[in-house]
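Q: Data file entry.pdb (PDB, C-alpha atoms, pLDDT in the B column) is appended below.
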```pdb
ATOM      1  CA  MET A  25     100.241  86.780  68.633  1.00 63.00           C
ATOM      2  CA  ALA A  26     103.134  88.166  66.636  1.00 62.00           C
ATOM      3  CA  ALA A  27     104.535  85.594  64.206  1.00 54.00           C
ATOM      4  CA  ASN A  28     108.180  85.939  65.261  1.00 71.00           C
ATOM      5  CA  VAL A  29     107.634  85.335  68.999  1.00 81.00           C
ATOM      6  CA  GLN A  30     108.702  82.054  70.547  1.00 88.00           C
ATOM      7  CA  GLY A  31     106.740  80.539  73.416  1.00 93.00           C
ATOM      8  CA  SER A  32     103.131  80.560  74.523  1.00 93.00           C
ATOM      9  CA  GLY A  33     103.476  82.740  77.630  1.00 96.00           C
ATOM     10  CA  THR A  34     103.196  80.016  80.272  1.00 97.00           C
ATOM     11  CA  ARG A  35     105.712  79.119  82.988  1.00 96.00           C
ATOM     12  CA  GLN A  36     106.518  75.906  81.078  1.00 97.00           C
ATOM     13  CA  ASP A  37     106.764  77.700  77.692  1.00 97.00           C
ATOM     14  CA  PRO A  38     107.576  81.391  78.325  1.00 98.00           C
ATOM     15  CA  TRP A  39     107.712  84.027  75.630  1.00 97.00           C
ATOM     16  CA  ILE A  40     111.297  84.651  74.511  1.00 96.00           C
ATOM     17  CA  LEU A  41     111.499  88.407  73.951  1.00 96.00           C
ATOM     18  CA  LYS A  42     114.044  91.135  73.268  1.00 95.00           C
ATOM     19  CA  THR A  43     114.255  94.477  75.018  1.00 96.00           C
ATOM     20  CA  PRO A  44     113.139  97.347  72.753  1.00 95.00           C
ATOM     21  CA  SER A  45     116.752  98.327  72.040  1.00 93.00           C
ATOM     22  CA  GLY A  46     117.422  94.736  70.959  1.00 90.00           C
ATOM     23  CA  GLY A  47     120.315  94.480  73.390  1.00 89.00           C
ATOM     24  CA  SER A  48     119.058  91.701  75.653  1.00 93.00           C
ATOM     25  CA  ASP A  49     116.858  88.622  75.569  1.00 94.00           C
ATOM     26  CA  TYR A  50     114.481  87.830  78.405  1.00 97.00           C
ATOM     27  CA  GLN A  51     111.566  85.542  79.181  1.00 98.00           C
ATOM     28  CA  ALA A  52     108.060  86.457  80.273  1.00 98.00           C
ATOM     29  CA  PHE A  53     104.936  84.534  81.188  1.00 98.00           C
ATOM     30  CA  ARG A  54     101.554  84.931  82.813  1.00 98.00           C
ATOM     31  CA  ASP A  55     101.054  83.369  86.244  1.00 98.00           C
ATOM     32  CA  GLU A  56      97.471  83.631  87.420  1.00 97.00           C
ATOM     33  CA  SER A  57      98.168  81.379  90.436  1.00 97.00           C
ATOM     34  CA  LEU A  58     100.151  84.144  92.178  1.00 97.00           C
ATOM     35  CA  SER A  59      98.497  86.639  94.497  1.00 97.00           C
ATOM     36  CA  PRO A  60      97.995  89.032  92.836  1.00 97.00           C
ATOM     37  CA  PRO A  61      98.142  87.414  89.370  1.00 98.00           C
ATOM     38  CA  ALA A  62     101.401  88.479  87.746  1.00 98.00           C
ATOM     39  CA  LEU A  63     103.292  88.957  84.550  1.00 98.00           C
ATOM     40  CA  VAL A  64     106.600  87.337  85.482  1.00 98.00           C
ATOM     41  CA  VAL A  65     109.752  88.551  83.737  1.00 98.00           C
ATOM     42  CA  GLN A  66     112.969  86.570  83.984  1.00 97.00           C
ATOM     43  CA  VAL A  67     116.135  88.530  83.115  1.00 96.00           C
ATOM     44  CA  GLY A  68     119.126  86.305  83.698  1.00 95.00           C
ATOM     45  CA  LYS A  69     118.777  85.206  87.333  1.00 96.00           C
ATOM     46  CA  THR A  70     116.587  88.185  88.264  1.00 96.00           C
ATOM     47  CA  GLU A  71     112.819  87.735  88.444  1.00 97.00           C
ATOM     48  CA  LEU A  72     110.593  90.798  88.184  1.00 97.00           C
ATOM     49  CA  ARG A  73     106.825  90.734  88.626  1.00 98.00           C
ATOM     50  CA  TYR A  74     104.194  93.157  87.426  1.00 98.00           C
ATOM     51  CA  HIS A  75     100.441  93.103  87.997  1.00 98.00           C
ATOM     52  CA  LEU A  76      99.050  90.875  85.239  1.00 98.00           C
ATOM     53  CA  ARG A  77      96.367  93.462  84.555  1.00 98.00           C
ATOM     54  CA  ALA A  78      99.170  95.753  83.305  1.00 98.00           C
ATOM     55  CA  ILE A  79      98.762  94.192  79.847  1.00 98.00           C
ATOM     56  CA  GLU A  80      95.123  95.266  79.475  1.00 98.00           C
ATOM     57  CA  ASP A  81      95.541  98.514  81.406  1.00 98.00           C
ATOM     58  CA  LEU A  82      98.519  99.668  79.334  1.00 98.00           C
ATOM     59  CA  HIS A  83      96.744  98.788  76.095  1.00 98.00           C
ATOM     60  CA  SER A  84      93.650 100.763  77.161  1.00 98.00           C
ATOM     61  CA  MET A  85      95.748 103.765  78.184  1.00 98.00           C
ATOM     62  CA  LEU A  86      97.643 103.727  74.872  1.00 98.00           C
ATOM     63  CA  LYS A  87      94.385 103.537  72.904  1.00 98.00           C
ATOM     64  CA  ALA A  88      93.040 106.532  74.807  1.00 98.00           C
ATOM     65  CA  HIS A  89      96.360 108.362  74.310  1.00 97.00           C
ATOM     66  CA  GLY A  90      96.000 107.784  70.572  1.00 97.00           C
ATOM     67  CA  ASP A  91      99.610 108.430  69.540  1.00 97.00           C
ATOM     68  CA  TRP A  92     103.173 107.305  70.115  1.00 98.00           C
ATOM     69  CA  MET A  93     104.387 107.429  73.725  1.00 98.00           C
ATOM     70  CA  ALA A  94     108.002 107.306  74.913  1.00 98.00           C
ATOM     71  CA  LEU A  95     108.913 104.187  76.890  1.00 98.00           C
ATOM     72  CA  GLY A  96     111.213 106.001  79.338  1.00 97.00           C
ATOM     73  CA  SER A  97     112.465 102.901  81.121  1.00 95.00           C
ATOM     74  CA  ALA A  98     114.164 103.558  84.467  1.00 96.00           C
ATOM     75  CA  ASP A  99     115.167 101.623  87.575  1.00 95.00           C
ATOM     76  CA  GLU A 100     112.894 102.036  90.601  1.00 97.00           C
ATOM     77  CA  GLN A 101     115.407 104.334  92.335  1.00 96.00           C
ATOM     78  CA  LYS A 102     115.562 106.756  89.374  1.00 97.00           C
ATOM     79  CA  PRO A 103     112.850 109.173  88.274  1.00 97.00           C
ATOM     80  CA  ALA A 104     110.830 108.233  85.201  1.00 97.00           C
ATOM     81  CA  PRO A 105     110.679 110.714  82.312  1.00 97.00           C
ATOM     82  CA  GLU A 106     107.462 112.686  82.478  1.00 97.00           C
ATOM     83  CA  GLY A 107     104.757 111.552  80.050  1.00 98.00           C
ATOM     84  CA  SER A 108     106.400 108.158  79.452  1.00 98.00           C
ATOM     85  CA  VAL A 109     105.078 104.613  79.745  1.00 98.00           C
ATOM     86  CA  GLU A 110     107.417 104.171  82.735  1.00 98.00           C
ATOM     87  CA  ALA A 111     105.949 107.235  84.473  1.00 98.00           C
ATOM     88  CA  TRP A 112     102.414 105.958  83.872  1.00 98.00           C
ATOM     89  CA  GLY A 113     103.418 102.557  85.319  1.00 98.00           C
ATOM     90  CA  ARG A 114     104.272 104.313  88.615  1.00 98.00           C
ATOM     91  CA  SER A 115     101.601 107.002  88.684  1.00 98.00           C
ATOM     92  CA  GLU A 116      99.022 107.254  91.437  1.00 97.00           C
ATOM     93  CA  SER A 117      96.495 108.060  88.688  1.00 97.00           C
ATOM     94  CA  ASN A 118      96.866 104.695  86.893  1.00 98.00           C
ATOM     95  CA  PRO A 119      94.266 101.933  87.520  1.00 98.00           C
ATOM     96  CA  VAL A 120      96.257 100.281  90.345  1.00 98.00           C
ATOM     97  CA  GLY A 121      97.007 103.619  92.028  1.00 98.00           C
ATOM     98  CA  GLY A 122     100.786 103.381  91.818  1.00 97.00           C
ATOM     99  CA  TRP A 123     103.452 100.884  90.917  1.00 98.00           C
ATOM    100  CA  TYR A 124     102.589  97.996  88.595  1.00 98.00           C
ATOM    101  CA  GLY A 125     105.849  96.392  89.728  1.00 98.00           C
ATOM    102  CA  LEU A 126     105.270  94.022  92.632  1.00 97.00           C
ATOM    103  CA  LYS A 127     108.744  93.410  94.096  1.00 94.00           C
ATOM    104  CA  LYS A 128     110.142  96.300  96.148  1.00 94.00           C
ATOM    105  CA  GLY A 129     113.512  97.291  94.743  1.00 95.00           C
ATOM    106  CA  LEU A 130     112.604  95.730  91.364  1.00 96.00           C
ATOM    107  CA  ARG A 131     109.428  97.672  90.553  1.00 96.00           C
ATOM    108  CA  GLY A 132     110.972  99.779  87.807  1.00 96.00           C
ATOM    109  CA  ARG A 133     111.822  98.954  84.198  1.00 97.00           C
ATOM    110  CA  PHE A 134     108.101  98.699  83.372  1.00 98.00           C
ATOM    111  CA  GLY A 135     108.835 100.610  80.145  1.00 98.00           C
ATOM    112  CA  MET A 136     111.549  98.092  79.244  1.00 97.00           C
ATOM    113  CA  TYR A 137     109.883  94.733  79.822  1.00 98.00           C
ATOM    114  CA  VAL A 138     106.093  95.170  79.461  1.00 98.00           C
ATOM    115  CA  PRO A 139     105.893  96.846  75.998  1.00 98.00           C
ATOM    116  CA  PRO A 140     107.439  93.857  74.137  1.00 97.00           C
ATOM    117  CA  VAL A 141     104.761  91.635  75.740  1.00 97.00           C
ATOM    118  CA  LEU A 142     102.041  93.841  74.237  1.00 97.00           C
ATOM    119  CA  GLN A 143     103.844  93.697  70.910  1.00 96.00           C
ATOM    120  CA  ALA A 144     104.050  89.875  71.119  1.00 95.00           C
ATOM    121  CA  LEU A 145     100.299  89.757  71.754  1.00 95.00           C
ATOM    122  CA  GLY A 146      99.606  91.981  68.745  1.00 95.00           C
ATOM    123  CA  LEU A 147      98.263  94.801  70.942  1.00 97.00           C
ATOM    124  CA  ALA A 148     100.954  97.405  70.287  1.00 97.00           C
ATOM    125  CA  GLU A 149     103.743  98.511  68.015  1.00 96.00           C
ATOM    126  CA  VAL A 150     107.102  99.119  69.695  1.00 97.00           C
ATOM    127  CA  GLU A 151     110.049 100.897  68.117  1.00 95.00           C
ATOM    128  CA  ASN A 152     113.311  98.960  68.189  1.00 92.00           C
ATOM    129  CA  GLN A 153     116.083 101.554  68.047  1.00 94.00           C
ATOM    130  CA  PRO A 154     119.231 101.711  70.207  1.00 93.00           C
ATOM    131  CA  ARG A 155     117.673 104.508  72.370  1.00 93.00           C
ATOM    132  CA  ASN A 156     114.562 106.618  72.970  1.00 95.00           C
ATOM    133  CA  ASN A 157     111.995 104.037  71.845  1.00 97.00           C
ATOM    134  CA  ARG A 158     108.263 104.616  71.736  1.00 98.00           C
ATOM    135  CA  MET A 159     105.115 102.530  71.482  1.00 98.00           C
ATOM    136  CA  ARG A 160     101.519 102.906  70.363  1.00 98.00           C
ATOM    137  CA  ALA A 161      98.393 100.771  70.551  1.00 98.00           C
ATOM    138  CA  LEU A 162      97.183  98.721  67.615  1.00 96.00           C
TER     139      LEU A 162
END
```
Please go through the file and, once you have read it, give me the structure as structure tokens.

A:
Amino acid sequence: MAANVQGSGTRQDPWILKTPSGGSDYQAFRDESLSPPALVVQVGKTELRYHLRAIEDLHSMLKAHGDWMALGSADEQKPAPEGSVEAWGRSESNPVGGWYGLKKGLRGRFGMYVPPVLQALGLAEVENQPRNNRMRAL
């Protein structure tokens, strides 16, 4: 667990995280009681959910990739930049065979909200620039 992260990642004590650009705070926590188990992200009043296995799957993919990868965050309705974390999070060739996002209409932004979770867990390094951020496995 990264030293500067608040929270333990539970519903009662969520992680308090920043988007990679540093522009917004949000909360995230694991909820294994949901079907399927989910990584729940709370951004203001909006709740997004991603398959909980996204944490391990993304880390494994980044390790195999072996280098920096662009985050490429995009809303569900917009195309994801090719070769980005966002594109992988939607790809039919990923371990879940498509979207890691679980709520139709809110399945995008995988490249915005999941990478800081991996960073908080000490699994990845994420750049924190105003734009065009990347990540790599640790």

Q: Any idea what's packed within 10 Å of region 55-71 of chain A, counting all atoms listed in the file, ignoring anything in its chain fewer than 3 positions away? Could you give it as JSON, numbers by chain?

A: {"A": [33, 34, 35, 38, 39, 40, 41, 48, 49, 50, 51, 52, 74, 75, 76, 77, 78, 79, 124, 125, 126, 127, 130, 137, 138, 141]}

Q: Tell me, as a PyMOL selection string, which residues lie within 10 Å of region 101-118 of chain A, counting only C-alpha atoms; anything in the same chain fewer than 5 positions away does not count.

A: chain A and resi 74+78+81-82+85-86+92-96+123-125+129-136+138-139+158-159

Q: Would you please work out which residue, of A:Leu162, A:Ser32, A:Ser45, A:Glu149, is nearest to Ser97 (chain A) when using all atoms listed in the file?

A: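 For Ser97 (chain A), the nearest of the given residues is A:Ser45.
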
Q: Suppose you want the space between CA of Pro140 (chain A) and CA of Lys42 (chain A); what is it in Å?

A: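 Value for the CA of Pro140 (chain A)-CA of Lys42 (chain A) distance: 7.2 Å.
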
Q: Report, in Å to a single decimal, how far apart CA of Leu72 (chain A) and CA of Gly90 (chain A) are.

A: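 Going from CA of Gly90 (chain A) over to CA of Leu72 (chain A), I get 28.5 Å.
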
Q: Provide the CA of His83 (chain A) to CA of Gln143 (chain A) distance in Å, to one decimal place.

A: 10.2 Å

Q: How would region 38-69 of chain A read, as a JSON list (two decimals), keeping the file's coordinate frame, once N, CA and C atoms are built in?

A:
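Below is the file result.json, written as the result:
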```json
[["chain", "number", "residue", "atom", "x", "y", "z"],
["A", 38, "PRO", "N", 107.63, 79.92, 78.28],
["A", 38, "PRO", "CA", 107.58, 81.39, 78.32],
["A", 38, "PRO", "C", 107.85, 82.02, 76.96],
["A", 39, "TRP", "N", 107.36, 83.26, 76.81],
["A", 39, "TRP", "CA", 107.71, 84.03, 75.63],
["A", 39, "TRP", "C", 109.21, 84.33, 75.71],
["A", 40, "ILE", "N", 109.90, 84.24, 74.61],
["A", 40, "ILE", "CA", 111.30, 84.65, 74.51],
["A", 40, "ILE", "C", 111.26, 85.99, 73.78],
["A", 41, "LEU", "N", 111.63, 87.05, 74.47],
["A", 41, "LEU", "CA", 111.50, 88.41, 73.95],
["A", 41, "LEU", "C", 112.84, 89.12, 73.96],
["A", 42, "LYS", "N", 112.88, 90.25, 73.26],
["A", 42, "LYS", "CA", 114.04, 91.14, 73.27],
["A", 42, "LYS", "C", 113.61, 92.47, 73.84],
["A", 43, "THR", "N", 114.53, 93.12, 74.55],
["A", 43, "THR", "CA", 114.26, 94.48, 75.02],
["A", 43, "THR", "C", 114.06, 95.37, 73.79],
["A", 44, "PRO", "N", 113.37, 96.49, 73.92],
["A", 44, "PRO", "CA", 113.14, 97.35, 72.75],
["A", 44, "PRO", "C", 114.40, 97.76, 72.00],
["A", 45, "SER", "N", 115.50, 97.95, 72.71],
["A", 45, "SER", "CA", 116.75, 98.33, 72.04],
["A", 45, "SER", "C", 117.38, 97.14, 71.31],
["A", 46, "GLY", "N", 116.88, 95.94, 71.58],
["A", 46, "GLY", "CA", 117.42, 94.74, 70.96],
["A", 46, "GLY", "C", 118.67, 94.21, 71.63],
["A", 47, "GLY", "N", 119.06, 94.83, 72.74],
["A", 47, "GLY", "CA", 120.32, 94.48, 73.39],
["A", 47, "GLY", "C", 120.29, 93.24, 74.25],
["A", 48, "SER", "N", 119.12, 92.84, 74.74],
["A", 48, "SER", "CA", 119.06, 91.70, 75.65],
["A", 48, "SER", "C", 117.82, 90.85, 75.39],
["A", 49, "ASP", "N", 117.99, 89.55, 75.61],
["A", 49, "ASP", "CA", 116.86, 88.62, 75.57],
["A", 49, "ASP", "C", 116.34, 88.46, 76.99],
["A", 50, "TYR", "N", 115.06, 88.16, 77.11],
["A", 50, "TYR", "CA", 114.48, 87.83, 78.40],
["A", 50, "TYR", "C", 113.26, 86.96, 78.19],
["A", 51, "GLN", "N", 112.75, 86.38, 79.25],
["A", 51, "GLN", "CA", 111.57, 85.54, 79.18],
["A", 51, "GLN", "C", 110.45, 86.19, 79.98],
["A", 52, "ALA", "N", 109.22, 85.94, 79.55],
["A", 52, "ALA", "CA", 108.06, 86.46, 80.27],
["A", 52, "ALA", "C", 106.92, 85.45, 80.16],
["A", 53, "PHE", "N", 106.11, 85.40, 81.22],
["A", 53, "PHE", "CA", 104.94, 84.53, 81.19],
["A", 53, "PHE", "C", 103.89, 85.04, 82.16],
["A", 54, "ARG", "N", 102.67, 84.62, 81.92],
["A", 54, "ARG", "CA", 101.55, 84.93, 82.81],
["A", 54, "ARG", "C", 101.51, 83.88, 83.91],
["A", 55, "ASP", "N", 101.26, 84.32, 85.15],
["A", 55, "ASP", "CA", 101.05, 83.37, 86.24],
["A", 55, "ASP", "C", 99.86, 83.84, 87.06],
["A", 56, "GLU", "N", 98.72, 83.25, 86.74],
["A", 56, "GLU", "CA", 97.47, 83.63, 87.42],
["A", 56, "GLU", "C", 97.34, 82.99, 88.79],
["A", 57, "SER", "N", 98.23, 82.05, 89.13],
["A", 57, "SER", "CA", 98.17, 81.38, 90.44],
["A", 57, "SER", "C", 98.78, 82.24, 91.54],
["A", 58, "LEU", "N", 99.54, 83.26, 91.18],
["A", 58, "LEU", "CA", 100.15, 84.14, 92.18],
["A", 58, "LEU", "C", 99.11, 85.10, 92.74],
["A", 59, "SER", "N", 99.40, 85.66, 93.89],
["A", 59, "SER", "CA", 98.50, 86.64, 94.50],
["A", 59, "SER", "C", 99.26, 87.95, 94.72],
["A", 60, "PRO", "N", 98.95, 88.99, 93.94],
["A", 60, "PRO", "CA", 98.00, 89.03, 92.84],
["A", 60, "PRO", "C", 98.56, 88.34, 91.59],
["A", 61, "PRO", "N", 97.67, 87.99, 90.63],
["A", 61, "PRO", "CA", 98.14, 87.41, 89.37],
["A", 61, "PRO", "C", 99.21, 88.32, 88.76],
["A", 62, "ALA", "N", 100.24, 87.69, 88.18],
["A", 62, "ALA", "CA", 101.40, 88.48, 87.75],
["A", 62, "ALA", "C", 101.87, 88.13, 86.34],
["A", 63, "LEU", "N", 102.47, 89.13, 85.73],
["A", 63, "LEU", "CA", 103.29, 88.96, 84.55],
["A", 63, "LEU", "C", 104.70, 88.80, 85.11],
["A", 64, "VAL", "N", 105.28, 87.63, 84.93],
["A", 64, "VAL", "CA", 106.60, 87.34, 85.48],
["A", 64, "VAL", "C", 107.64, 87.52, 84.38],
["A", 65, "VAL", "N", 108.67, 88.28, 84.69],
["A", 65, "VAL", "CA", 109.75, 88.55, 83.74],
["A", 65, "VAL", "C", 111.04, 88.00, 84.33],
["A", 66, "GLN", "N", 111.71, 87.16, 83.55],
["A", 66, "GLN", "CA", 112.97, 86.57, 83.98],
["A", 66, "GLN", "C", 114.09, 87.15, 83.14],
["A", 67, "VAL", "N", 114.99, 87.91, 83.79],
["A", 67, "VAL", "CA", 116.14, 88.53, 83.12],
["A", 67, "VAL", "C", 117.38, 87.94, 83.76],
["A", 68, "GLY", "N", 118.01, 87.01, 83.08],
["A", 68, "GLY", "CA", 119.13, 86.30, 83.70],
["A", 68, "GLY", "C", 118.61, 85.57, 84.93],
["A", 69, "LYS", "N", 119.22, 85.83, 86.09],
["A", 69, "LYS", "CA", 118.78, 85.21, 87.33],
["A", 69, "LYS", "C", 117.77, 86.06, 88.10]]
```
